[in-house]
Each structure stands twice: as C-alpha cells, then as structure tokens.
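Q: Following this message is one structure expressed as structure tokens.
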Amino acid sequence: MRLSQYFLPLLKENPSEAQIVSHRFMLRSGMIRQQSAGLYTWLPLGQRVLSKVENIVADELNKAGCIRVIMPTLQPADLWKESGRYDAYGKEMLRITDRHERDLLYSPTCEEMIVDNFRSFVRSYKSLPINMYQINWKFRDEIRPRFGVMRGREFFMKDGYSFHADIEDAKREYNKMYDVYHKIFARLGLTAIAVNADSGPIGGAVSHEFQVIAETGESALYYDAAFDDIRAGKLAMSSEEMRKLYAAADELHIPEKCPVPKERLREARGIEVGQIFLLGRKYTDAMNVDVTGADGQLQRVEMGTYGIGVSRLLGAIIEASHDDNGIIWPESVAPFDIGLINLRVGDIKCDAICESLYNSLSEQGKEVLYDDTDERAGGKFASMDLIGLPWQIVVGPKGAEKGVVELKNRKTSEKQEFTVDDCLKILLGA
C-alpha cells in the first residue's frame with residue numbers, strides 16, 4: 001500500500017482524553033477515532049490489526065473443533081426473561097422496544113440465544129458434544145467508559161458455548177479451552193496468567209480469567225513467581241503444569257489460605273483478555289433443555305462458555321509492547337510487515353530502488369506500507385516508529401548511489417546497511 005493513497009490520520013500530540021499508553025497510541029496512530037463516550041470508529045490501520053487478531057482467534061478455535069456461527073446483535077427480551085437474567089443484569093444492558101412494542105436488547109452476551117438455537121435442533125446425546133462460537137459486536141452500557149478500547153461500550157468479542165451429555169465431558173472441554181486460550185495468546189505475543197475468578201452475572205461453578213500483566217490493569221493479581229519466569233522465557237511449562245500453579249484475582253485471594261510462600265507470591269495489576277466458565281446447568285435448567293440419553297430417558301444438558309475480548313486484545317498488546325516512540329507490533333498481527341521509506345521522492349535512483357523493493361516484497365506475499373510522500377525525513381521516521389511495523393527499510397540518496405539501504409528492526413532498534421538483494425533475502429527468509 002502506497003501511503004500517498006492510504007488513509008492514515010496521524011496525531012502529533014497526545015490527546016488530552018487518553019489516560020493510558022494504548023489509548024494514546026491508538027488515537028495518535030490513526031487506528032481509531034472516538035465518536036462518543038466508549039464508541040469508536042475503527043479506521044483502516046486499526047481494522048487491519050483487528051482482522052488479524054480475529055483470524056488468529058478463529059484459526060485456533062477451528063483447529064480445536066469449534067464451529068463458527070453468527071447470531072444477531074439484537075435479541076428478543078423473552079429469552080432473557082425465560083432465563084431470569086433480564087431484570088437481574090442491570091443498567092449495563094441496553095433495552096429497546098421496536099415499532100410493534102416488542103422488547104429487544106442489544107446483546108451483551110449470548111447464552112440465552114445459543115441455548116434457544118441448540119434446543120431447536122438437538123434431540124439426542126449422540127449429537128454431543130458441540131462447541132459453537134461467534135466473533136461479533138457486543139454492547140454494555142458502562143457507567144464510566146474509559147481507557148479507549150480497554151473499557152468501551154461497544155466491543156468486538158469472541159463468545160463460545162459448549163453442550164455436553166454429562167459434567168465430566170463438560171470439564172474435559174473446559175480444560176481443552178484453557179489450553180487453546182494459551183495458544184491463542186502466545187500467537188499474539190502475549191503471556192497470559194489464568195487466575196481463579198468470580199463468575200459474575202454469567203454464572204457457573206468454576207471460572208478462570210486470563211490476565212496480561214500491565215501497570216494499567218484494573219484487576220489485582222496474586223500469583224506464583226513461576227509465572228514471571230515463564231513470561232521472561234526462563235521456564236517452559238505445559239498448560240497442565242500451569243494449571244497447578246497458584247493464581248487468583250482480587251477478592252478470591254485469601255492470604256491466610258494461600259498455598260504459596262510469601263517469598264514466592266507476587267502481586268501485580270492485570271488486563272483481563274478472556275474468561276472461561278464451567279456453567280453446569282444454569283441455563284439448561286432455566287430453559288428446560290434436555291436430550292435423550294443412552295438409556296432412552298431424557299437428561300439435562302451441561303454447558304460451558306468461553307469469551308475473549310478481541311478488540312480489547314489490541315489495547316493489551318500495545319500495553320505489553322511499546323516504547324516512548326510508539327507501538328511495537330508482534331509480527332503476527334502487525335498492520336503491515338514492512339515500512340518502506342523513500343527519503344527523496346523524485347530522485348531517480350531512490351525511486352527505482354523503492355519500486356523494486358515494493359514490487360518484489362509484495363509479489364512474495366509481504367504487506368508493505370510504502371511512504372512515497374514528500375514529508376520531511378524526521379516526520380517519516382517518527383510516523384513509522386509510531387505505527388510500529390516490525391521492519392523499516394530506509395532508502396536515501398547516499399545509499400542509493402552505492403546500491404545499499406538501511407534496514408531497521410523496530411523491536412530492537414538495530415539498524416544496518418545491506419545491498420538490496422541481501423535486504424530481500426533477510427526479509428523473505430531466503
């Protein structure tokens with residue numbers, strides 16, 4: 001993509017309303033624009049990252065045997081009245097009446113709707129287990145939306161729901177999703193700590209929150225120091241081993257009952273990026289959902305539910321990966337792979353080298369943002385650092401005379417000159 005043809009509205013100054021790093025950099029880098037409190041337009045750069053995060057989440061879920069669906073964002077209130085949650089949910093739920101005086105609500109979550117779909121089609125235990133998910137927009141009318149996409153009112157969310165013939169099968173799926181979530185976060189360049197958590201208005205007997213350590217996190221975390229070694233790459237553990245480590249959030253941490261010695265107990269702030277719930281029969285009891293069992297008798301269905309804040313993940317990644325100059329995107333979700341900077345547009349040799357690199361890299365499947373504008377060099381460097389692409393190629397007149405370019409690694413800030421051919425070999429892995 002040529003920057004001269006792209007829409008990238010950058011801000012030079014920090015917006016006054018942005019209190020945390022991710023909110024500042026998302027606004028300044030032209031990823032989002034606030035329309036009103038807690039509501040954002042996702043601009044082209046932000047939409048590219050959001051789609052990449054979505055694709056990684058979907059890919060891991062699909063590989064785990066989950067089935068993708070799409071449910072409407074507006075739900076009939078009757079389903080929530082049937083489950084008993086309509087009045088209990090509170091003012092976070094946006095309630096609507098249509099022209100026919102039917103009560104609707106803007107979806108904050110979809111347990112009732114997925115249960116209604118399930119009971120309409122599934123009759124026998126032989127069809128179980130089933131794990132269905134969607135990645136869709138949700139709305140919760142937060143009393144104080146803040147921190148950008150970290151706590152907005154409208155958000156992009158993955159919500160999944162599993163159905164089982166017995167509680168043991170539901171536990172097996174719960175443990176499988178625990179492992180899948182760690183795989184998802186690892187591909188996003190994040191180390192998440194799964195902590196015991198309150199199930200809140202969703203319900204269920206067992207729940208884990210997946211938290212990313214960050215100073216701006218809203219949750220207080222207490223955990224075994226081994227998690228820090230895992231984050232630092234000093235210790236490798238399977239998900240099964242990690243499940244045995246102590247970790248708890250907020251009020252679920254009871255100091256006198258904590259099994260971790262004081263010298264190994266760590267306290268930090270965390271950003272919640274996902275949560276899983278072993279629901280049991282909370283919704284299937286309320287909505288009378290049975291299947292025919294192996295003995296020919298009706299039996300109640302067991303459930304699990306699994307959420308990931310897809311749009312919130314972008315904020316969490318930035319909080320975990322940035323410097324004073326801007327974002328440092330992991331390669332897996334960067335909006336573009338490479339930033340190509342032409343320091344003297346109109347110079348025959350600079351233009352020729354840039355065109356050659358742009359075409360060669362694009363033909364090999366690399367996503368290149370080519371700065372072909374007449375902006376000053378300092379502005380180009382600052383813009384590329386701000387948006388945080390993993391690699392930058394700088395083509396200037398002096399280097400062009402010698403047939404060399406400068407290659408910068410955004411994560412390490414290391415710069416080195418290479419011939420055009422050697423630069424291509426490094427970026428293409430040849």
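Lettering and numbering for the structure tokens are positional, with chains as A, B, ... in the shown order, residues counted from 1 in each chain, and ligands counted from 1 in the shown order.
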Check segment 209-240 of chain A with DSSP on the backbone and list each residue it calls alpha helix (DSSP H), as a ChimeraX atom specification.
A: /A:226-231,239-240
Q: Print the selection's residues with N, CA and C atoms to a file, as a short mmCIF file (atom, residue, chain, number, x, y, z; two decimals), in the first residue's frame.
A:
data_model
loop_
_atom_site.label_atom_id
_atom_site.label_comp_id
_atom_site.auth_asym_id
_atom_site.auth_seq_id
_atom_site.Cartn_x
_atom_site.Cartn_y
_atom_site.Cartn_z
N ALA A 226 6.64 -18.34 39.55
CA ALA A 226 6.96 -19.13 38.36
C ALA A 226 6.39 -18.50 37.09
N PHE A 227 5.26 -17.80 37.23
CA PHE A 227 4.68 -17.16 36.06
C PHE A 227 5.61 -16.08 35.50
N ASP A 228 6.32 -15.37 36.36
CA ASP A 228 7.27 -14.37 35.88
C ASP A 228 8.41 -15.03 35.10
N ASP A 229 8.85 -16.20 35.56
CA ASP A 229 9.90 -16.92 34.84
C ASP A 229 9.40 -17.39 33.47
N ILE A 230 8.13 -17.77 33.41
CA ILE A 230 7.55 -18.17 32.12
C ILE A 230 7.49 -16.97 31.18
N ARG A 231 7.05 -15.82 31.70
CA ARG A 231 6.95 -14.60 30.88
C ARG A 231 8.32 -14.18 30.36
N SER A 239 0.38 -26.34 29.63
CA SER A 239 -0.82 -25.76 30.23
C SER A 239 -1.26 -26.56 31.45
N GLU A 240 -1.09 -27.89 31.38
CA GLU A 240 -1.46 -28.74 32.51
C GLU A 240 -0.64 -28.39 33.75
#
Q: Quick one: pick out all strand (DSSP E) residues within segment 241-403 of chain A from a backbone DSSP run and write them as number ranges by chain.
A: A: 247-249, 265-280, 290-292, 298-300, 302-309, 322-323, 326-327, 338-342, 368-371, 391-395
Q: Between A:Leu428, A:Leu278, A:His253, A:His322, single out the one closest to Glu363 of chain A, counting only C-alpha atoms.
A: A:Leu428
Q: With a distance cut-off of 9 Å and only C-alpha atoms, select the neighbouring residues of segment 105-110 of chain A, excluding the residue or stretch itself and same-chain residues fewer than 6 positions from it, and output the selection as a list in words.
A: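 Within the cut-off, the hits are Met71, Pro72, Thr73, Leu74, Gln75, Pro76, Ala77, Glu92, Met93, Leu94, Arg95, Ile96, Thr97, Trp137, Lys138, Phe139, Arg140, Asp141, Asp159, Gly160, Tyr161 and Ile202 of chain A.
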Q: Would you mind listing what lies within 9 Å of Val310 of chain A as a compact mmCIF listing (two decimals) with N, CA and C atoms, in the first residue's frame, with only C-alpha atoms counted and same-chain residues fewer than 5 positions away left out?
A:
# COMPACT_ATOMS: atom_id res chain seq x y z
N LEU A 50 -7.23 -5.51 13.85
CA LEU A 50 -8.38 -6.19 14.41
C LEU A 50 -8.69 -7.47 13.63
N VAL A 53 -6.06 -10.20 14.45
CA VAL A 53 -6.32 -10.82 15.75
C VAL A 53 -7.51 -11.76 15.64
N GLU A 54 -8.57 -11.31 14.99
CA GLU A 54 -9.76 -12.15 14.79
C GLU A 54 -9.40 -13.45 14.10
N VAL A 57 -7.57 -15.90 16.44
CA VAL A 57 -8.52 -16.49 17.38
C VAL A 57 -9.35 -17.57 16.69
N ILE A 135 -17.68 -14.43 16.59
CA ILE A 135 -16.90 -13.23 16.86
C ILE A 135 -17.74 -12.08 16.33
N PHE A 155 -17.96 -3.36 21.75
CA PHE A 155 -16.69 -4.06 21.65
C PHE A 155 -16.85 -5.31 20.80
N PHE A 156 -15.74 -5.76 20.24
CA PHE A 156 -15.70 -6.94 19.37
C PHE A 156 -15.28 -8.12 20.23
N MET A 157 -16.10 -9.15 20.28
CA MET A 157 -15.90 -10.22 21.24
C MET A 157 -16.08 -11.58 20.61
N LYS A 158 -15.24 -12.51 21.04
CA LYS A 158 -15.45 -13.93 20.73
C LYS A 158 -16.18 -14.54 21.91
N VAL A 273 -8.23 -10.39 29.37
CA VAL A 273 -8.41 -10.52 27.92
C VAL A 273 -9.30 -11.70 27.56
N GLY A 274 -9.66 -12.51 28.53
CA GLY A 274 -10.53 -13.65 28.25
C GLY A 274 -11.01 -14.27 29.54
Q: Calculated over only C-alpha atoms, which of the candidates A:Leu27, A:Met242, A:Ala214, A:Leu389 has the smallest distance to Glu13 of chain A?
A: A:Leu27
Q: Within 6 Å of segment 285-302 of chain A, counting only C-alpha atoms, which residues show up once you throw out same-chain ones fewer than 2 positions away? Write them as a list of chain:residue names, please.
A: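 Returned residues: A:Ser83, A:Arg123, A:Ser124, A:Tyr125, A:Phe163, A:His164, A:Ala165, A:Asp166, A:Gly280, A:Arg281, A:Lys282, A:Tyr283.
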Q: Compile the contact shell of Ala225 of chain A as a list in words: residues with an atom at most 8 Å away, counting only C-alpha atoms, same-chain residues fewer than 4 positions apart removed.
A: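 Here the qualifying residues turn out to be Asp229, Arg264, Leu265 and Arg266 of chain A.
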Q: Counting only C-alpha atoms, which residues of segment 310-395 of chain A sit at most 12 Å from some atom of segment 35-43 of chain A, and what is each one's closest atom pair with its distance in Å to one decimal, listed by chain and rising residue number, as a tab-separated table?
A:
residue	atom	partner	partner_atom	distance
A:Ser311	CA	A:Trp42	CA	10.0
A:Leu314	CA	A:Trp42	CA	11.7
A:Pro335	CA	A:Leu43	CA	11.7
Q: Show which residues sit within 12 Å of Asp224 of chain A, as a PyMOL selection string. Count only C-alpha atoms, and ignore same-chain residues fewer than 6 positions away.
A: chain A and resi 193-195+230+242-248+258-268
Q: So the first atom is atom CA of Gly270 of chain A and the second is atom CA of Glu218 of chain A; what is the distance between them in Å, to one decimal place?
A: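 Calculated distance between atom CA of Gly270 of chain A and atom CA of Glu218 of chain A is 6.2 Å.
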Q: Could you please determine the separation between atom CA of Gln211 of chain A and atom CA of Tyr223 of chain A in Å, to one decimal place?
A: 11.1 Å
